[in-house]
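K.L.:
See start00.pdb below, with PDB, C-alpha atoms, pLDDT in the B column.
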MODEL        1
ATOM      1  CA  MET A  27     -25.227  59.931  56.234  1.00 61.00           C
ATOM      2  CA  SER A  28     -25.948  63.451  57.501  1.00 76.00           C
ATOM      3  CA  LEU A  29     -26.556  66.452  55.272  1.00 86.00           C
ATOM      4  CA  ASN A  30     -24.809  69.692  56.125  1.00 90.00           C
ATOM      5  CA  LEU A  31     -25.752  73.191  54.967  1.00 93.00           C
ATOM      6  CA  LYS A  32     -23.680  72.939  51.771  1.00 93.00           C
ATOM      7  CA  ASP A  33     -25.306  69.595  50.964  1.00 93.00           C
ATOM      8  CA  PHE A  34     -28.725  71.143  51.422  1.00 93.00           C
ATOM      9  CA  GLN A  35     -27.811  74.051  49.168  1.00 95.00           C
ATOM     10  CA  ARG A  36     -26.414  71.719  46.502  1.00 96.00           C
ATOM     11  CA  PHE A  37     -29.447  69.423  46.433  1.00 97.00           C
ATOM     12  CA  GLU A  38     -32.131  71.943  47.379  1.00 96.00           C
ATOM     13  CA  LYS A  39     -34.016  71.632  44.101  1.00 97.00           C
ATOM     14  CA  GLN A  40     -34.344  67.886  44.688  1.00 97.00           C
ATOM     15  CA  ILE A  41     -35.092  68.140  48.384  1.00 97.00           C
ATOM     16  CA  ILE A  42     -38.037  70.503  47.895  1.00 97.00           C
ATOM     17  CA  LEU A  43     -39.773  67.882  45.775  1.00 97.00           C
ATOM     18  CA  LYS A  44     -42.459  66.263  47.914  1.00 96.00           C
ATOM     19  CA  LYS A  45     -41.471  62.811  46.668  1.00 96.00           C
ATOM     20  CA  VAL A  46     -37.842  63.346  47.714  1.00 97.00           C
ATOM     21  CA  GLY A  47     -37.378  65.558  50.779  1.00 96.00           C
ATOM     22  CA  ILE A  48     -34.542  65.202  53.311  1.00 95.00           C
ATOM     23  CA  ALA A  49     -35.310  61.513  53.850  1.00 96.00           C
ATOM     24  CA  GLY A  50     -35.174  60.820  50.134  1.00 97.00           C
ATOM     25  CA  GLN A  51     -31.928  62.694  49.676  1.00 97.00           C
ATOM     26  CA  LYS A  52     -30.373  60.605  52.444  1.00 96.00           C
ATOM     27  CA  LYS A  53     -31.499  57.463  50.608  1.00 97.00           C
ATOM     28  CA  ILE A  54     -29.834  58.773  47.442  1.00 97.00           C
ATOM     29  CA  HIS A  55     -26.623  59.489  49.355  1.00 96.00           C
ATOM     30  CA  GLN A  56     -26.545  56.002  50.850  1.00 96.00           C
ATOM     31  CA  ALA A  57     -27.353  54.041  47.674  1.00 97.00           C
ATOM     32  CA  ARG A  58     -24.722  51.776  46.181  1.00 98.00           C
ATOM     33  CA  VAL A  59     -24.824  51.550  42.395  1.00 98.00           C
ATOM     34  CA  LEU A  60     -22.614  49.631  39.966  1.00 98.00           C
ATOM     35  CA  ILE A  61     -22.316  50.725  36.325  1.00 98.00           C
ATOM     36  CA  ILE A  62     -21.010  48.084  33.924  1.00 98.00           C
ATOM     37  CA  GLY A  63     -19.865  49.751  30.716  1.00 97.00           C
ATOM     38  CA  MET A  64     -18.511  53.297  30.499  1.00 97.00           C
ATOM     39  CA  GLY A  65     -19.601  53.997  26.939  1.00 96.00           C
ATOM     40  CA  GLY A  66     -22.256  56.172  25.369  1.00 96.00           C
ATOM     41  CA  ILE A  67     -24.847  55.124  27.966  1.00 98.00           C
ATOM     42  CA  GLY A  68     -22.556  54.874  30.987  1.00 98.00           C
ATOM     43  CA  CYS A  69     -21.160  58.409  30.618  1.00 98.00           C
ATOM     44  CA  PRO A  70     -24.441  60.345  31.043  1.00 98.00           C
ATOM     45  CA  LEU A  71     -25.674  57.761  33.541  1.00 98.00           C
ATOM     46  CA  LEU A  72     -22.648  58.249  35.790  1.00 98.00           C
ATOM     47  CA  THR A  73     -22.816  62.032  35.440  1.00 98.00           C
ATOM     48  CA  TYR A  74     -26.455  62.249  36.523  1.00 98.00           C
ATOM     49  CA  LEU A  75     -26.116  59.748  39.382  1.00 98.00           C
ATOM     50  CA  ALA A  76     -23.126  61.605  40.790  1.00 97.00           C
ATOM     51  CA  SER A  77     -24.823  64.976  40.331  1.00 97.00           C
ATOM     52  CA  ALA A  78     -27.910  63.690  42.159  1.00 97.00           C
ATOM     53  CA  GLY A  79     -25.752  62.845  45.182  1.00 96.00           C
ATOM     54  CA  ILE A  80     -25.175  59.087  45.000  1.00 97.00           C
ATOM     55  CA  CYS A  81     -21.933  58.695  46.913  1.00 95.00           C
ATOM     56  CA  ASN A  82     -21.008  55.042  46.371  1.00 97.00           C
ATOM     57  CA  ILE A  83     -20.581  54.158  42.702  1.00 98.00           C
ATOM     58  CA  GLY A  84     -18.618  51.413  40.989  1.00 98.00           C
ATOM     59  CA  ILE A  85     -17.659  51.621  37.301  1.00 98.00           C
ATOM     60  CA  VAL A  86     -16.494  48.691  35.189  1.00 98.00           C
ATOM     61  CA  ASP A  87     -14.822  48.848  31.771  1.00 98.00           C
ATOM     62  CA  HIS A  88     -11.617  47.436  30.324  1.00 97.00           C
ATOM     63  CA  ASP A  89     -11.450  49.710  27.271  1.00 97.00           C
ATOM     64  CA  LYS A  90      -9.362  52.781  26.578  1.00 98.00           C
ATOM     65  CA  VAL A  91     -10.752  55.962  25.033  1.00 98.00           C
ATOM     66  CA  GLU A  92     -10.656  55.986  21.230  1.00 97.00           C
ATOM     67  CA  ILE A  93     -11.338  58.869  18.871  1.00 97.00           C
ATOM     68  CA  GLY A  94     -14.490  57.115  17.615  1.00 95.00           C
ATOM     69  CA  ASN A  95     -15.953  57.296  21.136  1.00 96.00           C
ATOM     70  CA  LEU A  96     -15.926  61.072  21.401  1.00 96.00           C
ATOM     71  CA  ASN A  97     -19.137  61.796  19.484  1.00 95.00           C
ATOM     72  CA  ARG A  98     -21.283  60.241  22.231  1.00 96.00           C
ATOM     73  CA  GLN A  99     -19.177  59.426  25.316  1.00 97.00           C
ATOM     74  CA  ILE A 100     -19.543  62.871  26.792  1.00 96.00           C
ATOM     75  CA  ILE A 101     -17.208  62.566  29.782  1.00 97.00           C
ATOM     76  CA  PHE A 102     -14.154  62.220  27.538  1.00 98.00           C
ATOM     77  CA  ASN A 103     -12.253  64.566  25.225  1.00 97.00           C
ATOM     78  CA  SER A 104      -9.172  64.448  22.999  1.00 98.00           C
ATOM     79  CA  ALA A 105      -6.821  64.611  25.991  1.00 98.00           C
ATOM     80  CA  ASP A 106      -8.194  61.263  27.187  1.00 98.00           C
ATOM     81  CA  LEU A 107      -7.326  59.289  24.051  1.00 98.00           C
ATOM     82  CA  GLY A 108      -5.435  56.086  24.825  1.00 98.00           C
ATOM     83  CA  LYS A 109      -6.247  56.224  28.537  1.00 98.00           C
ATOM     84  CA  TYR A 110      -8.504  53.856  30.467  1.00 98.00           C
ATOM     85  CA  LYS A 111     -12.119  55.004  30.495  1.00 98.00           C
ATOM     86  CA  VAL A 112     -12.737  54.170  34.150  1.00 98.00           C
ATOM     87  CA  VAL A 113      -9.617  56.048  35.281  1.00 98.00           C
ATOM     88  CA  GLN A 114     -10.527  59.186  33.343  1.00 98.00           C
ATOM     89  CA  ALA A 115     -14.191  58.983  34.338  1.00 98.00           C
ATOM     90  CA  LYS A 116     -13.336  58.686  38.034  1.00 97.00           C
ATOM     91  CA  SER A 117     -10.923  61.621  37.843  1.00 96.00           C
ATOM     92  CA  LYS A 118     -13.520  63.912  36.273  1.00 96.00           C
ATOM     93  CA  ILE A 119     -16.668  62.822  38.089  1.00 96.00           C
ATOM     94  CA  SER A 120     -14.975  62.916  41.508  1.00 94.00           C
ATOM     95  CA  LYS A 121     -14.763  66.693  41.092  1.00 93.00           C
ATOM     96  CA  ILE A 122     -18.562  67.042  40.997  1.00 92.00           C
ATOM     97  CA  TYR A 123     -19.072  66.346  44.707  1.00 91.00           C
ATOM     98  CA  LYS A 124     -16.334  65.711  47.246  1.00 89.00           C
ATOM     99  CA  LYS A 125     -18.308  63.041  49.128  1.00 93.00           C
ATOM    100  CA  ILE A 126     -18.507  60.756  46.075  1.00 94.00           C
ATOM    101  CA  LYS A 127     -16.534  57.534  46.359  1.00 96.00           C
ATOM    102  CA  ILE A 128     -15.995  55.942  42.962  1.00 97.00           C
ATOM    103  CA  LYS A 129     -14.356  52.544  42.706  1.00 97.00           C
ATOM    104  CA  ASN A 130     -13.127  51.631  39.258  1.00 96.00           C
ATOM    105  CA  TYR A 131     -12.669  48.134  37.874  1.00 97.00           C
ATOM    106  CA  LYS A 132     -10.238  48.237  34.966  1.00 96.00           C
ATOM    107  CA  PHE A 133     -11.113  44.874  33.455  1.00 93.00           C
ATOM    108  CA  LYS A 134     -13.854  43.085  31.568  1.00 95.00           C
ATOM    109  CA  VAL A 135     -16.660  41.563  33.617  1.00 96.00           C
ATOM    110  CA  SER A 136     -16.669  37.768  33.432  1.00 96.00           C
ATOM    111  CA  SER A 137     -18.092  34.721  35.190  1.00 95.00           C
ATOM    112  CA  ASN A 138     -14.907  34.622  37.277  1.00 96.00           C
ATOM    113  CA  ASN A 139     -15.141  38.155  38.662  1.00 97.00           C
ATOM    114  CA  ILE A 140     -18.774  39.304  38.506  1.00 97.00           C
ATOM    115  CA  LYS A 141     -19.503  38.166  42.066  1.00 96.00           C
ATOM    116  CA  SER A 142     -16.533  39.939  43.607  1.00 96.00           C
ATOM    117  CA  ILE A 143     -17.308  43.113  41.626  1.00 97.00           C
ATOM    118  CA  SER A 144     -21.064  43.237  42.208  1.00 97.00           C
ATOM    119  CA  LYS A 145     -21.636  41.850  45.713  1.00 95.00           C
ATOM    120  CA  SER A 146     -21.348  45.233  47.475  1.00 96.00           C
ATOM    121  CA  TYR A 147     -23.885  47.022  45.264  1.00 98.00           C
ATOM    122  CA  ASP A 148     -27.671  47.124  45.512  1.00 95.00           C
ATOM    123  CA  ILE A 149     -28.472  48.232  41.959  1.00 98.00           C
ATOM    124  CA  ILE A 150     -26.630  46.975  38.891  1.00 98.00           C
ATOM    125  CA  CYS A 151     -26.728  49.081  35.719  1.00 98.00           C
ATOM    126  CA  ASP A 152     -25.912  47.308  32.473  1.00 98.00           C
ATOM    127  CA  GLY A 153     -24.688  49.516  29.640  1.00 96.00           C
ATOM    128  CA  THR A 154     -22.683  46.866  27.806  1.00 96.00           C
ATOM    129  CA  ASP A 155     -22.779  46.275  24.072  1.00 90.00           C
ATOM    130  CA  ASN A 156     -22.868  42.502  23.621  1.00 91.00           C
ATOM    131  CA  PHE A 157     -25.380  39.770  24.385  1.00 92.00           C
ATOM    132  CA  GLU A 158     -22.951  37.393  26.093  1.00 93.00           C
ATOM    133  CA  THR A 159     -22.229  39.953  28.824  1.00 95.00           C
ATOM    134  CA  ARG A 160     -25.906  40.929  29.103  1.00 95.00           C
ATOM    135  CA  TYR A 161     -26.882  37.315  29.771  1.00 94.00           C
ATOM    136  CA  LEU A 162     -24.059  36.985  32.317  1.00 96.00           C
ATOM    137  CA  ILE A 163     -25.179  40.103  34.223  1.00 97.00           C
ATOM    138  CA  ASN A 164     -28.837  39.053  34.038  1.00 95.00           C
ATOM    139  CA  ASP A 165     -28.116  35.590  35.409  1.00 94.00           C
ATOM    140  CA  TYR A 166     -25.960  36.892  38.259  1.00 96.00           C
ATOM    141  CA  CYS A 167     -28.545  39.464  39.297  1.00 96.00           C
ATOM    142  CA  LYS A 168     -31.338  36.912  39.168  1.00 93.00           C
ATOM    143  CA  LYS A 169     -29.437  34.391  41.270  1.00 93.00           C
ATOM    144  CA  ASN A 170     -28.407  36.988  43.858  1.00 94.00           C
ATOM    145  CA  LYS A 171     -31.708  38.930  43.936  1.00 94.00           C
ATOM    146  CA  LYS A 172     -30.189  42.198  42.767  1.00 96.00           C
ATOM    147  CA  ILE A 173     -32.043  45.000  40.987  1.00 96.00           C
ATOM    148  CA  LEU A 174     -30.970  45.175  37.337  1.00 97.00           C
ATOM    149  CA  ILE A 175     -31.547  48.290  35.224  1.00 97.00           C
ATOM    150  CA  SER A 176     -30.302  47.783  31.694  1.00 97.00           C
ATOM    151  CA  ALA A 177     -30.086  50.009  28.625  1.00 97.00           C
ATOM    152  CA  ALA A 178     -29.145  49.302  25.026  1.00 96.00           C
ATOM    153  CA  ILE A 179     -28.765  51.480  21.941  1.00 95.00           C
ATOM    154  CA  SER A 180     -28.345  50.914  18.214  1.00 93.00           C
ATOM    155  CA  ALA A 181     -28.771  53.237  15.231  1.00 94.00           C
ATOM    156  CA  PHE A 182     -31.790  55.466  16.053  1.00 97.00           C
ATOM    157  CA  ASP A 183     -33.315  53.274  18.768  1.00 96.00           C
ATOM    158  CA  GLY A 184     -32.920  52.550  22.443  1.00 97.00           C
ATOM    159  CA  HIS A 185     -34.295  50.042  24.959  1.00 97.00           C
ATOM    160  CA  LEU A 186     -34.528  50.349  28.736  1.00 98.00           C
ATOM    161  CA  PHE A 187     -35.272  47.380  31.037  1.00 97.00           C
ATOM    162  CA  LYS A 188     -35.801  46.975  34.763  1.00 95.00           C
ATOM    163  CA  PHE A 189     -35.884  43.680  36.654  1.00 95.00           C
ATOM    164  CA  ASP A 190     -36.279  43.652  40.439  1.00 94.00           C
ATOM    165  CA  PHE A 191     -35.184  40.148  41.365  1.00 93.00           C
ATOM    166  CA  LYS A 192     -36.040  40.776  45.020  1.00 90.00           C
ATOM    167  CA  ARG A 193     -39.585  40.184  43.823  1.00 86.00           C
ATOM    168  CA  LYS A 194     -41.023  37.725  41.341  1.00 81.00           C
ATOM    169  CA  ALA A 195     -39.817  38.967  38.005  1.00 79.00           C
ATOM    170  CA  SER A 196     -39.293  38.096  34.413  1.00 90.00           C
ATOM    171  CA  CYS A 197     -35.736  38.535  33.131  1.00 93.00           C
ATOM    172  CA  PHE A 198     -33.750  39.405  30.026  1.00 93.00           C
ATOM    173  CA  ARG A 199     -33.881  35.770  28.929  1.00 91.00           C
ATOM    174  CA  CYS A 200     -37.676  35.999  28.963  1.00 91.00           C
ATOM    175  CA  PHE A 201     -37.388  38.897  26.524  1.00 91.00           C
ATOM    176  CA  MET A 202     -34.707  37.243  24.391  1.00 89.00           C
ATOM    177  CA  PRO A 203     -34.454  33.471  25.043  1.00 85.00           C
ATOM    178  CA  GLU A 204     -31.841  32.837  22.348  1.00 82.00           C
ATOM    179  CA  GLN A 205     -28.672  34.822  21.780  1.00 82.00           C
ATOM    180  CA  PRO A 206     -28.804  36.380  18.295  1.00 79.00           C
ATOM    181  CA  ILE A 207     -26.185  35.244  15.835  1.00 73.00           C
ATOM    182  CA  GLU A 208     -25.323  38.851  14.979  1.00 69.00           C
ATOM    183  CA  GLU A 209     -24.703  41.621  17.483  1.00 65.00           C
ATOM    184  CA  ASN A 210     -26.788  44.772  17.035  1.00 65.00           C
ATOM    185  CA  ASN A 211     -24.773  47.563  18.617  1.00 67.00           C
ATOM    186  CA  CYS A 212     -22.951  50.795  17.855  1.00 68.00           C
ATOM    187  CA  GLU A 213     -20.029  48.995  16.248  1.00 70.00           C
ATOM    188  CA  THR A 214     -22.152  47.063  13.755  1.00 73.00           C
ATOM    189  CA  GLU A 215     -25.175  49.331  13.232  1.00 80.00           C
ATOM    190  CA  GLY A 216     -23.834  52.813  14.008  1.00 87.00           C
ATOM    191  CA  ILE A 217     -25.425  55.190  16.508  1.00 92.00           C
ATOM    192  CA  PHE A 218     -27.224  58.526  16.419  1.00 96.00           C
ATOM    193  CA  SER A 219     -25.323  60.182  19.257  1.00 95.00           C
ATOM    194  CA  PRO A 220     -28.256  61.882  21.084  1.00 97.00           C
ATOM    195  CA  VAL A 221     -29.827  58.434  21.572  1.00 97.00           C
ATOM    196  CA  ALA A 222     -26.951  57.509  23.899  1.00 97.00           C
ATOM    197  CA  GLY A 223     -27.570  60.592  26.035  1.00 97.00           C
ATOM    198  CA  ILE A 224     -31.314  60.026  26.146  1.00 98.00           C
ATOM    199  CA  LEU A 225     -31.037  56.370  27.212  1.00 98.00           C
ATOM    200  CA  GLY A 226     -28.344  57.147  29.779  1.00 98.00           C
ATOM    201  CA  SER A 227     -30.601  59.843  31.236  1.00 98.00           C
ATOM    202  CA  LEU A 228     -33.625  57.538  31.257  1.00 98.00           C
ATOM    203  CA  GLN A 229     -31.543  54.874  32.993  1.00 98.00           C
ATOM    204  CA  ALA A 230     -30.439  57.399  35.638  1.00 98.00           C
ATOM    205  CA  ASN A 231     -34.075  58.420  36.080  1.00 97.00           C
ATOM    206  CA  GLU A 232     -35.069  54.819  36.752  1.00 97.00           C
ATOM    207  CA  VAL A 233     -32.174  54.270  39.170  1.00 97.00           C
ATOM    208  CA  ILE A 234     -33.117  57.289  41.290  1.00 97.00           C
ATOM    209  CA  LYS A 235     -36.826  56.391  41.211  1.00 96.00           C
ATOM    210  CA  THR A 236     -35.894  52.905  42.410  1.00 96.00           C
ATOM    211  CA  ILE A 237     -33.791  54.283  45.276  1.00 97.00           C
ATOM    212  CA  LEU A 238     -36.683  56.480  46.367  1.00 97.00           C
ATOM    213  CA  GLY A 239     -39.210  53.657  46.069  1.00 94.00           C
ATOM    214  CA  LEU A 240     -41.458  55.639  43.744  1.00 93.00           C
ATOM    215  CA  LYS A 241     -44.433  53.813  42.249  1.00 81.00           C
ATOM    216  CA  ASP A 242     -45.237  53.269  38.579  1.00 75.00           C
ATOM    217  CA  ASP A 243     -41.729  52.107  37.850  1.00 75.00           C
ATOM    218  CA  LEU A 244     -40.508  50.098  34.912  1.00 91.00           C
ATOM    219  CA  ASN A 245     -40.227  46.728  36.647  1.00 90.00           C
ATOM    220  CA  ASN A 246     -40.814  43.775  34.260  1.00 90.00           C
ATOM    221  CA  ASN A 247     -41.166  46.147  31.328  1.00 93.00           C
ATOM    222  CA  VAL A 248     -39.091  47.380  28.415  1.00 96.00           C
ATOM    223  CA  LEU A 249     -39.261  51.019  27.363  1.00 97.00           C
ATOM    224  CA  ILE A 250     -38.653  51.386  23.629  1.00 97.00           C
ATOM    225  CA  PHE A 251     -37.491  54.737  22.245  1.00 98.00           C
ATOM    226  CA  ASN A 252     -37.343  55.682  18.574  1.00 97.00           C
ATOM    227  CA  SER A 253     -35.577  58.975  17.915  1.00 97.00           C
ATOM    228  CA  LEU A 254     -36.815  59.421  14.333  1.00 97.00           C
ATOM    229  CA  ASN A 255     -40.494  59.132  15.196  1.00 96.00           C
ATOM    230  CA  MET A 256     -39.972  60.585  18.697  1.00 96.00           C
ATOM    231  CA  THR A 257     -42.008  57.790  20.248  1.00 97.00           C
ATOM    232  CA  LEU A 258     -41.817  55.958  23.577  1.00 96.00           C
ATOM    233  CA  ARG A 259     -43.561  52.618  24.126  1.00 96.00           C
ATOM    234  CA  LYS A 260     -43.667  50.568  27.332  1.00 95.00           C
ATOM    235  CA  VAL A 261     -44.114  46.843  26.782  1.00 94.00           C
ATOM    236  CA  LYS A 262     -44.711  44.275  29.529  1.00 93.00           C
ATOM    237  CA  ILE A 263     -42.278  41.349  29.643  1.00 93.00           C
ATOM    238  CA  THR A 264     -44.028  38.208  30.827  1.00 89.00           C
ATOM    239  CA  LYS A 265     -42.279  35.075  32.005  1.00 84.00           C
ATOM    240  CA  ASN A 266     -41.317  33.032  28.981  1.00 79.00           C
ATOM    241  CA  PRO A 267     -41.690  29.221  29.374  1.00 73.00           C
ATOM    242  CA  ARG A 268     -38.515  28.811  27.335  1.00 69.00           C
ATOM    243  CA  CYS A 269     -36.644  30.893  29.917  1.00 70.00           C
ATOM    244  CA  LEU A 270     -37.294  28.194  32.524  1.00 59.00           C
ATOM    245  CA  ILE A 271     -35.285  25.819  30.364  1.00 51.00           C
ATOM    246  CA  LYS A 272     -32.523  28.145  29.255  1.00 56.00           C
ATOM    247  CA  CYS A 273     -31.941  30.184  32.411  1.00 55.00           C
ATOM    248  CA  PRO A 274     -29.300  28.509  34.627  1.00 52.00           C
ATOM    249  CA  TYR A 275     -30.855  29.861  37.856  1.00 47.00           C
TER     250      TYR A 275
ENDMDL
END
Can the structure from this file be put into structure tokens for me?

P.N.:
Amino acid sequence: MSLNLKDFQRFEKQIILKKVGIAGQKKIHQARVLIIGMGGIGCPLLTYLASAGICNIGIVDHDKVEIGNLNRQIIFNSADLGKYKVVQAKSKISKIYKKIKIKNYKFKVSSNNIKSISKSYDIICDGTDNFETRYLINDYCKKNKKILISAAISAFDGHLFKFDFKRKASCFRCFMPEQPIEENNCETEGIFSPVAGILGSLQANEVIKTILGLKDDLNNNVLIFNSLNMTLRKVKITKNPRCLIKCPY
């Protein structure tokens, strides 16, 4: 994809970075990224990826906008209530940059459709809020050697994972071999709204770093953020022997 003068002017502040340049901006333009979950994490993630110049983005969510979403799902406002999140998100984000092509999937990801949804994308971003779907996405990405960048939030905390299954990698099942009996998410634990924005931004940061092939990435690690203590910890995820039994791939 070529960059014209307006493109250069739009992305100049990225292009002048030595680790980006014209070649890097072209890589960003050509990347294909799928976002599963257009909630508190997916909204800032989509906004930053589109603003950075990623032109091929898929968004997946079956929910409609509710009033309880508006404190953290920053793309939406009161006029969007009762409307599908992916439809409203596409309408608004498409105005950022005319070359963006957003494909929306107005249904819940499942074992029956994850292949058809995800096969055209290089990087899969998980922003879902339940363990069943997280395991499903993890297993698909592992089997099909996709890059998975996943974020989760609850109360005052957030977690960010990266697994590059094109290389030897641990996976989400290595981190959490057994599905917890109780879900820990915004619905059950509540959420401090800035945490959603911070994790969505961190996820976007990792996506763009991955596209550019920058070193010192998060692969096989979890980044743990606590908003009360203002701390960030990076913890290595090693292959768990139990994962070899539980993981279907």

K.L.:
When you count all atoms listed in the file, which of these residues is closest to Val233 (chain A): A:Ser176, A:Gln56, A:Gln40, A:Ser144?

P.N.:
A:Ser176

K.L.:
Using the chain letters and numbers from the file, give me the residues hit by the PyMOL selection byres ((chain A and resi 83-99) around 9), as number ranges by chain.

P.N.:
A: 57-70, 72, 75-76, 80-82, 100-104, 106-112, 114-116, 126-135, 143-144, 147, 217-223

K.L.:
Can you find the residues with an atom no farther than 6 Å from (-30.3, 45.2, 46.0), counting only C-alpha atoms, and report them as number ranges by chain?

P.N.:
A: 148-149, 172-173

K.L.:
Considering only C-alpha atoms, can you say which of A:Leu258, A:Leu162, A:Ile234, A:Ile263 comes closest to Gln51 (chain A)?

P.N.:
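Residue with the minimum atom-to-atom distance to Gln51 (chain A): A:Ile234.
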
K.L.:
Do you have the CA of Ala195 (chain A)-CA of Leu240 (chain A) distance handy?

P.N.:
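Interatomic distance, CA of Ala195 (chain A) to CA of Leu240 (chain A): 17.7 Å.
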
K.L.:
What's the separation between CA of Ile250 (chain A) and CA of Pro267 (chain A), in Å to one decimal place?

P.N.:
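If I compute the distance from CA of Ile250 (chain A) to CA of Pro267 (chain A), I get 23.1 Å.
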
K.L.:
Near Asn170 (chain A), counting all atoms listed in the file, which residues have an atom at most 8 Å away, once you skip same-chain residues fewer than 3 positions from it, shown as a PyMOL selection string?

P.N.:
chain A and resi 166-167+191

K.L.:
Interatomic distance between CA of Glu158 (chain A) and CA of Lys188 (chain A)?

P.N.:
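We find that CA of Glu158 (chain A) and CA of Lys188 (chain A) lie 18.2 Å from each other.
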
K.L.:
Decode the PyMOL selection byres ((chain A and resi 161) around 12) for the given file into explicit residues and return them as a PyMOL selection string.

P.N.:
chain A and resi 135-137+152+154-160+162-168+174+176+197-206+269+272-275

K.L.:
Out of A:Ser253, A:Lys171, A:Val248, A:Gly239, which residue has the shortest atom-to-atom distance to Lys45 (chain A) when counting only C-alpha atoms?

P.N.:
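Once distances to Lys45 (chain A) are computed over only C-alpha atoms, the minimum belongs to A:Gly239.
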
K.L.:
Between A:Asn138, A:Thr73, A:Gln35, A:Asn252, which is the closest to Ala230 (chain A) once you count all atoms listed in the file?

P.N.:
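When distances to Ala230 (chain A) are compared using all atoms listed in the file, the smallest one comes from A:Thr73.
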
K.L.:
Could you check which of A:Lys121, A:Asp190, A:Asp243, A:Lys265 is closest to Ile150 (chain A), using all atoms listed in the file?

P.N.:
A:Asp190

K.L.:
Using the chain letters and numbers from the file, which residues does the PyMOL selection byres ((chain A and resi 225) around 8) grab, as a CSV table (one decimal) with C-alpha atoms, in the coordinates of the input?

P.N.:
chain,number,residue,atom,x,y,z
A,67,ILE,CA,-24.8,55.1,28.0
A,177,ALA,CA,-30.1,50.0,28.6
A,178,ALA,CA,-29.1,49.3,25.0
A,179,ILE,CA,-28.8,51.5,21.9
A,184,GLY,CA,-32.9,52.6,22.4
A,185,HIS,CA,-34.3,50.0,25.0
A,186,LEU,CA,-34.5,50.3,28.7
A,221,VAL,CA,-29.8,58.4,21.6
A,222,ALA,CA,-27.0,57.5,23.9
A,223,GLY,CA,-27.6,60.6,26.0
A,224,ILE,CA,-31.3,60.0,26.1
A,226,GLY,CA,-28.3,57.1,29.8
A,227,SER,CA,-30.6,59.8,31.2
A,228,LEU,CA,-33.6,57.5,31.3
A,229,GLN,CA,-31.5,54.9,33.0

K.L.:
Can you tell me, as JSON, the centre and edge lengths (Å, one decimal) of the axis-aligned box enclosing all of region 192-203 of chain A's listed atoms after padding each side by 4 Å?

P.N.:
{"center_x": -37.4, "center_y": 37.1, "center_z": 34.7, "size_x": 15.3, "size_y": 15.3, "size_z": 28.6}

K.L.:
With 12 Å as the cut-off and all atoms listed in the file counted, what is the closest atom pair between each nearby residue of region 119-185 of chain A and region 28-32 of chain A? Distances in Å to one decimal, ordered by chain and number, as CSV.

P.N.:
residue,atom,partner,partner_atom,distance
A:Tyr123,CA,A:Lys32,CA,10.7
A:Lys124,CA,A:Lys32,CA,11.3
A:Lys125,CA,A:Leu29,CA,10.8

K.L.:
Between A:Ala78, A:Ile54, A:Leu244, A:Ile119, which residue has the minimum interatomic distance to Phe37 (chain A), considering only C-alpha atoms?

P.N.:
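Closest to Phe37 (chain A) of all the choices is A:Ala78.
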